[in-house]
>>> print(open('target.csv').read())   # CSV, C-alpha atoms
chain,number,residue,atom,x,y,z
A,1472,MET,CA,-62.8,8.8,66.5
A,1473,LYS,CA,-65.2,10.1,63.9
A,1474,ALA,CA,-67.2,12.0,66.6
A,1475,GLN,CA,-63.9,13.5,67.9
A,1476,THR,CA,-62.8,14.5,64.4
A,1477,LYS,CA,-66.1,16.2,63.8
A,1478,SER,CA,-65.9,18.0,67.1
A,1479,LYS,CA,-62.4,19.3,66.2
A,1480,LYS,CA,-63.8,20.6,62.8
A,1481,VAL,CA,-66.7,22.4,64.6
A,1482,ASN,CA,-64.3,24.0,67.1
A,1483,ARG,CA,-61.9,25.1,64.3
A,1484,ALA,CA,-64.9,26.5,62.3
A,1485,TRP,CA,-66.1,28.4,65.4
A,1486,ILE,CA,-62.6,29.8,66.1
A,1487,ASN,CA,-62.3,30.9,62.5
A,1488,ASP,CA,-65.6,32.6,62.6
A,1489,HIS,CA,-64.8,34.3,65.9
A,1490,VAL,CA,-61.4,35.6,64.8
A,1491,ASN,CA,-62.8,37.0,61.6
A,1492,ASP,CA,-66.0,38.4,63.2
A,1493,THR,CA,-66.5,42.1,62.5
A,1494,TYR,CA,-67.7,42.8,66.0
A,1495,VAL,CA,-64.8,40.9,67.7
A,1496,LYS,CA,-62.3,43.0,65.7
A,1497,LEU,CA,-64.2,46.2,66.6
A,1498,ALA,CA,-64.3,45.2,70.3
A,1499,GLN,CA,-60.5,44.7,70.2
A,1500,LYS,CA,-59.9,48.0,68.5
A,1501,GLU,CA,-62.2,50.0,70.8
A,1502,GLY,CA,-61.1,48.3,74.0
A,1503,TYR,CA,-64.3,46.3,74.8
A,1504,ARG,CA,-63.9,43.0,76.6
A,1505,ALA,CA,-66.5,41.3,74.4
A,1506,ARG,CA,-68.5,41.9,71.2
A,1507,ALA,CA,-71.7,41.9,73.4
A,1508,ALA,CA,-71.1,45.6,74.0
A,1509,TYR,CA,-72.4,46.3,70.5
A,1510,LYS,CA,-75.7,44.5,71.3
A,1511,LEU,CA,-76.5,46.9,74.1
A,1512,LYS,CA,-75.1,49.8,72.1
A,1513,GLU,CA,-77.5,49.2,69.2
A,1514,ILE,CA,-80.5,48.8,71.6
A,1515,ASP,CA,-79.6,52.0,73.4
A,1516,GLU,CA,-79.0,54.0,70.2
A,1517,THR,CA,-82.3,52.8,68.8
A,1518,LEU,CA,-84.4,53.4,71.9
A,1519,HIS,CA,-82.4,56.1,73.8
A,1520,LEU,CA,-82.5,54.4,77.2
A,1521,VAL,CA,-79.2,55.4,78.9
A,1522,ARG,CA,-78.3,59.0,79.7
A,1523,PRO,CA,-75.7,60.7,81.9
A,1524,GLY,CA,-76.8,61.1,85.5
A,1525,GLN,CA,-78.8,57.9,85.7
A,1526,LEU,CA,-78.5,54.9,88.1
A,1527,VAL,CA,-78.2,51.8,86.0
A,1528,VAL,CA,-78.0,48.2,87.3
A,1529,ASP,CA,-76.2,45.6,85.1
A,1530,LEU,CA,-77.2,42.0,86.0
A,1531,GLY,CA,-75.0,39.2,84.7
A,1532,SER,CA,-72.3,41.7,84.0
A,1533,THR,CA,-69.2,39.5,83.6
A,1534,PRO,CA,-66.9,39.9,81.6
A,1535,GLY,CA,-67.9,43.5,81.8
A,1536,ALA,CA,-68.6,44.7,78.2
A,1537,TRP,CA,-72.0,46.1,79.0
A,1538,SER,CA,-70.6,47.9,82.1
A,1539,GLN,CA,-67.9,49.3,79.9
A,1540,TYR,CA,-70.5,50.6,77.4
A,1541,LEU,CA,-72.6,52.1,80.2
A,1542,ARG,CA,-69.6,53.7,81.7
A,1543,ARG,CA,-68.6,55.4,78.4
A,1544,ARG,CA,-72.2,56.4,77.7
A,1545,MET,CA,-72.5,58.1,81.1
A,1546,SER,CA,-69.2,59.9,80.9
A,1547,PRO,CA,-69.4,63.5,79.8
A,1548,LYS,CA,-66.8,62.9,77.1
A,1549,GLY,CA,-67.6,59.2,76.4
A,1550,ALA,CA,-64.3,58.1,77.9
A,1551,ALA,CA,-63.5,54.8,79.4
A,1552,VAL,CA,-61.7,56.5,82.3
A,1553,GLY,CA,-62.1,59.7,84.2
A,1554,GLU,CA,-65.3,61.6,85.1
A,1555,LEU,CA,-68.5,59.6,85.4
A,1556,ASN,CA,-71.9,61.3,85.6
A,1557,GLY,CA,-74.1,58.7,87.2
A,1558,THR,CA,-74.0,55.3,89.1
A,1559,ILE,CA,-73.5,51.8,87.7
A,1560,LEU,CA,-74.0,48.8,89.9
A,1561,ALA,CA,-73.0,45.4,88.4
A,1562,LEU,CA,-73.6,41.9,89.6
A,1563,ASP,CA,-72.5,38.4,88.5
A,1564,ILE,CA,-72.0,34.9,89.8
A,1565,LEU,CA,-68.5,35.1,88.2
A,1566,PRO,CA,-65.7,37.5,89.1
A,1567,MET,CA,-65.3,40.6,86.9
A,1568,GLU,CA,-62.2,42.6,86.3
A,1569,PRO,CA,-62.8,46.1,87.6
A,1570,VAL,CA,-64.3,48.7,85.3
A,1571,GLU,CA,-63.5,52.2,86.5
A,1572,GLY,CA,-66.4,53.8,88.3
A,1573,VAL,CA,-68.5,50.7,88.3
A,1574,THR,CA,-69.5,49.1,91.7
A,1575,PHE,CA,-69.3,45.3,91.3
A,1576,LEU,CA,-71.0,42.7,93.5
A,1577,LEU,CA,-70.0,39.0,93.3
A,1578,GLY,CA,-72.8,36.5,93.9
A,1579,ASP,CA,-75.8,34.5,92.6
A,1580,PHE,CA,-78.7,36.8,91.9
A,1581,GLN,CA,-81.1,34.0,92.8
A,1582,GLU,CA,-79.9,34.0,96.4
A,1583,PRO,CA,-81.8,36.3,98.8
A,1584,GLU,CA,-78.5,37.3,100.6
A,1585,VAL,CA,-77.0,38.5,97.3
A,1586,LEU,CA,-80.2,40.4,96.4
A,1587,ALA,CA,-80.1,42.0,99.8
A,1588,ARG,CA,-76.5,43.2,99.1
A,1589,LEU,CA,-77.6,44.7,95.8
A,1590,GLU,CA,-80.6,46.4,97.6
A,1591,ALA,CA,-78.1,47.8,100.2
A,1592,ALA,CA,-76.0,49.2,97.4
A,1593,LEU,CA,-79.0,50.9,95.9
A,1594,ALA,CA,-79.4,52.7,99.3
A,1595,GLY,CA,-83.1,53.4,98.8
A,1596,ARG,CA,-82.6,54.8,95.3
A,1597,LYS,CA,-84.6,53.5,92.2
A,1598,ALA,CA,-82.8,52.5,89.0
A,1599,ASP,CA,-83.4,54.4,85.8
A,1600,VAL,CA,-82.4,51.4,83.7
A,1601,VAL,CA,-81.9,47.7,84.4
A,1602,VAL,CA,-80.0,45.6,81.9
A,1603,SER,CA,-79.8,41.8,82.2
A,1604,ASP,CA,-77.5,39.6,80.1
A,1605,MET,CA,-78.0,36.8,82.6
A,1606,ALA,CA,-78.1,33.3,81.0
A,1607,PRO,CA,-78.1,29.9,82.8
A,1608,ASN,CA,-75.7,27.1,82.1
A,1609,LEU,CA,-77.7,25.0,79.6
A,1610,SER,CA,-78.0,21.3,80.1
A,1611,GLY,CA,-79.3,20.3,76.7
A,1612,ILE,CA,-82.6,19.1,78.3
A,1613,ALA,CA,-85.1,21.4,76.7
A,1614,SER,CA,-87.7,21.5,79.6
A,1615,ALA,CA,-85.0,22.1,82.2
A,1616,ASP,CA,-83.3,24.8,80.2
A,1617,THR,CA,-86.5,26.5,79.5
A,1618,ALA,CA,-87.4,26.6,83.2
A,1619,ARG,CA,-83.9,28.1,84.0
A,1620,ILE,CA,-84.2,30.8,81.4
A,1621,LEU,CA,-87.7,31.7,82.5
A,1622,GLY,CA,-86.6,31.8,86.1
A,1623,LEU,CA,-83.7,34.2,85.5
A,1624,VAL,CA,-85.8,36.6,83.3
A,1625,GLU,CA,-88.7,36.5,85.8
A,1626,LEU,CA,-86.2,37.5,88.6
A,1627,ALA,CA,-85.0,40.4,86.4
A,1628,ILE,CA,-88.6,41.5,85.9
A,1629,ASP,CA,-89.4,41.2,89.6
A,1630,PHE,CA,-86.3,43.3,90.4
A,1631,ALA,CA,-87.3,46.0,88.0
A,1632,VAL,CA,-90.8,46.1,89.4
A,1633,HIS,CA,-89.5,46.6,93.0
A,1634,HIS,CA,-86.4,48.7,92.3
A,1635,MET,CA,-86.9,50.7,89.1
A,1636,LYS,CA,-88.5,54.1,88.6
A,1637,PRO,CA,-92.0,53.9,87.1
A,1638,GLU,CA,-90.7,55.4,83.8
A,1639,GLY,CA,-87.6,53.2,83.7
A,1640,ALA,CA,-86.6,50.5,81.2
A,1641,LEU,CA,-85.5,46.8,81.5
A,1642,VAL,CA,-83.4,45.2,78.8
A,1643,ALA,CA,-83.3,41.4,79.2
A,1644,LYS,CA,-81.7,38.7,77.1
A,1645,VAL,CA,-84.1,35.9,76.2
A,1646,PHE,CA,-84.1,32.9,73.8
A,1647,HIS,CA,-86.5,32.0,71.1
A,1648,GLY,CA,-88.0,28.6,71.7
A,1649,GLY,CA,-89.9,27.1,74.6
A,1650,GLY,CA,-91.1,29.7,77.0
A,1651,TYR,CA,-90.5,32.7,74.7
A,1652,GLY,CA,-94.2,33.4,74.3
A,1653,GLU,CA,-94.7,33.3,78.0
A,1654,LEU,CA,-91.9,35.8,78.6
A,1655,VAL,CA,-93.4,38.2,76.0
A,1656,ARG,CA,-96.8,37.9,77.8
A,1657,LEU,CA,-95.2,38.6,81.1
A,1658,PHE,CA,-93.4,41.7,79.7
A,1659,LYS,CA,-96.7,43.0,78.2
A,1660,GLU,CA,-98.4,42.5,81.6
A,1661,THR,CA,-95.6,44.4,83.3
A,1662,PHE,CA,-94.6,47.2,81.0
A,1663,LYS,CA,-96.5,49.9,79.0
A,1664,ALA,CA,-94.3,49.4,75.9
A,1665,VAL,CA,-92.5,46.2,74.9
A,1666,LYS,CA,-90.0,46.0,72.1
A,1667,PRO,CA,-88.3,42.8,70.9
A,1668,MET,CA,-84.9,43.4,69.4
A,1669,LYS,CA,-82.3,41.3,67.6
A,1670,PRO,CA,-79.2,43.5,67.4
A,1671,LYS,CA,-76.8,43.0,64.4
A,1672,ALA,CA,-74.1,41.9,66.8
A,1673,SER,CA,-76.2,39.0,67.9
A,1674,ARG,CA,-75.1,36.1,65.7
A,1675,ASP,CA,-77.7,34.9,63.1
A,1676,LYS,CA,-77.3,31.3,64.3
A,1677,SER,CA,-78.0,32.2,67.9
A,1678,SER,CA,-81.5,31.9,69.3
A,1679,GLU,CA,-80.8,34.8,71.6
A,1680,THR,CA,-82.9,38.0,71.3
A,1681,PHE,CA,-83.7,40.8,73.7
A,1682,LEU,CA,-86.9,42.1,75.2
A,1683,VAL,CA,-87.1,45.7,76.2
A,1684,GLY,CA,-89.8,46.8,78.6
A,1685,ILE,CA,-90.4,50.6,79.0
A,1686,GLY,CA,-92.5,52.2,81.7
A,1687,LEU,CA,-94.0,50.1,84.5
A,1688,LYS,CA,-97.7,49.5,84.6
A,1689,THR,CA,-99.5,50.0,87.8
A,1690,PRO,CA,-101.0,46.9,89.4
A,1691,ARG,CA,-104.4,48.0,88.3
A,1692,GLN,CA,-103.2,48.4,84.7
A,1693,SER,CA,-101.6,45.0,84.6
A,1694,ALA,CA,-104.5,43.1,86.1
>>> encode(input="target.csv", output="structure tokens")
Amino acid sequence: MKAQTKSKKVNRAWINDHVNDTYVKLAQKEGYRARAAYKLKEIDETLHLVRPGQLVVDLGSTPGAWSQYLRRRMSPKGAAVGELNGTILALDILPMEPVEGVTFLLGDFQEPEVLARLEAALAGRKADVVVSDMAPNLSGIASADTARILGLVELAIDFAVHHMKPEGALVAKVFHGGGYGELVRLFKETFKAVKPMKPKASRDKSSETFLVGIGLKTPRQSA
């Protein structure tokens, strides 16, 4: 009973924090599906990654807040509907409510057949920017969770290497803890510039952070 009571208190505290969260209120006011939109917004406004006319791939897109931000950023008037100057391809293992102008693919990015569908949607084009908010379901077993996190980020890097323009950028969610140093090393081996970022919208208590890789190295450079 004590454990259950403690759990209820924790849940109530989380709900209270969530309801009173500045970014949750802002998301509701501005029509974003999740506060996560402001994480990508801050990264983009700091580094100037996304521009109208680009091809952007959103991995782990559901519920769609990042796609919403991208859609507005690539609209001539910053609107959530209407004209869109560019292409946004989104993919997730979970269904996503449509975002106007965004092409959504349902499936597991780790499966070759799903990756093939995404490649088909690219139709031979290279992405200007790849953003990845992918995160695995965590088991609580540190070694297993670290391997899952590493695996997803490595897939995002591999996708960028093969399907992104040489001067493009990859934004990937990672977590501090086991494996973080290895991911930083992998980013530095792959990209000319690597910038770790912890946006203000990312909760202080969360171990999540973001790595941004800009400009692909040639194989000779990364050797």
>>> residues_near_point(input="target.csv", point="(-71.2, 54.9, 79.9)", cutoff="9 Å", atoms="all atoms listed in the file", output="PyMOL selection string")
chain A and resi 1521-1523+1537-1547+1549-1551+1555-1557+1559
>>> residues_around(input="target.csv", residues="Thr1661 of chain A", least_positions_apart="2", cutoff="10 Å", atoms="all atoms listed in the file", output="PDB file with C-alpha atoms, in the frame of the given file")
ATOM      1  CA  ILE A1628     -88.600  41.500  85.900  1.00  0.00           C
ATOM      2  CA  ASP A1629     -89.400  41.200  89.600  1.00  0.00           C
ATOM      3  CA  ALA A1631     -87.300  46.000  88.000  1.00  0.00           C
ATOM      4  CA  VAL A1632     -90.800  46.100  89.400  1.00  0.00           C
ATOM      5  CA  VAL A1655     -93.400  38.200  76.000  1.00  0.00           C
ATOM      6  CA  ARG A1656     -96.800  37.900  77.800  1.00  0.00           C
ATOM      7  CA  LEU A1657     -95.200  38.600  81.100  1.00  0.00           C
ATOM      8  CA  PHE A1658     -93.400  41.700  79.700  1.00  0.00           C
ATOM      9  CA  LYS A1659     -96.700  43.000  78.200  1.00  0.00           C
ATOM     10  CA  LYS A1663     -96.500  49.900  79.000  1.00  0.00           C
ATOM     11  CA  ALA A1664     -94.300  49.400  75.900  1.00  0.00           C
ATOM     12  CA  VAL A1665     -92.500  46.200  74.900  1.00  0.00           C
ATOM     13  CA  GLY A1684     -89.800  46.800  78.600  1.00  0.00           C
ATOM     14  CA  ILE A1685     -90.400  50.600  79.000  1.00  0.00           C
ATOM     15  CA  GLY A1686     -92.500  52.200  81.700  1.00  0.00           C
ATOM     16  CA  LEU A1687     -94.000  50.100  84.500  1.00  0.00           C
ATOM     17  CA  LYS A1688     -97.700  49.500  84.600  1.00  0.00           C
ATOM     18  CA  THR A1689     -99.500  50.000  87.800  1.00  0.00           C
ATOM     19  CA  PRO A1690    -101.000  46.900  89.400  1.00  0.00           C
ATOM     20  CA  GLN A1692    -103.200  48.400  84.700  1.00  0.00           C
ATOM     21  CA  SER A1693    -101.600  45.000  84.600  1.00  0.00           C
ATOM     22  CA  ALA A1694    -104.500  43.100  86.100  1.00  0.00           C
TER      23      ALA A1694
END
>>> atom_distance(input="target.csv", atom1="atom CA of Leu1593 of chain A", atom2="atom CA of Gly1535 of chain A")
19.4 Å
>>> residues_around(input="target.csv", residues="Leu1576 of chain A", least_positions_apart="3", cutoff="7 Å", atoms="only C-alpha atoms", output="PyMOL selection string")
chain A and resi 1561-1563
>>> closest_residue(input="target.csv", among="A:Ala1606, A:Ala1598, A:Val1585, A:Val1527", to="Val1573 of chain A", atoms="all atoms listed in the file")
A:Val1527
>>> atom_distance(input="target.csv", atom1="atom CA of Ala1587 of chain A", atom2="atom CA of Glu1638 of chain A")
23.4 Å
>>> closest_residue(input="target.csv", among="A:Met1605, A:Gly1648, A:Pro1637, A:Lys1597", to="Thr1617 of chain A", atoms="only C-alpha atoms")
A:Gly1648
>>> residues_around(input="target.csv", residues="Val1645 of chain A", least_positions_apart="4", cutoff="8 Å", atoms="all atoms listed in the file", output="short mmCIF file (atom, residue, chain, number, x, y, z; two decimals) with C-alpha atoms, in the frame of the given file")
data_model
loop_
_atom_site.label_atom_id
_atom_site.label_comp_id
_atom_site.auth_asym_id
_atom_site.auth_seq_id
_atom_site.Cartn_x
_atom_site.Cartn_y
_atom_site.Cartn_z
CA ILE A 1620 -84.20 30.80 81.40
CA VAL A 1624 -85.80 36.60 83.30
CA TYR A 1651 -90.50 32.70 74.70
CA GLU A 1679 -80.80 34.80 71.60
CA THR A 1680 -82.90 38.00 71.30
CA PHE A 1681 -83.70 40.80 73.70
CA LEU A 1682 -86.90 42.10 75.20
#
>>> closest_residue(input="target.csv", among="A:Arg1596, A:Lys1510, A:His1519, A:Lys1548", to="Ala1643 of chain A", atoms="all atoms listed in the file")
A:Lys1510
>>> residues_around(input="target.csv", residues="Gly1578 of chain A", least_positions_apart="5", cutoff="10 Å", atoms="only C-alpha atoms", output="JSON, numbers by chain")
{"A": [1531, 1562, 1563, 1564, 1565, 1566, 1584, 1585, 1586, 1588, 1589]}
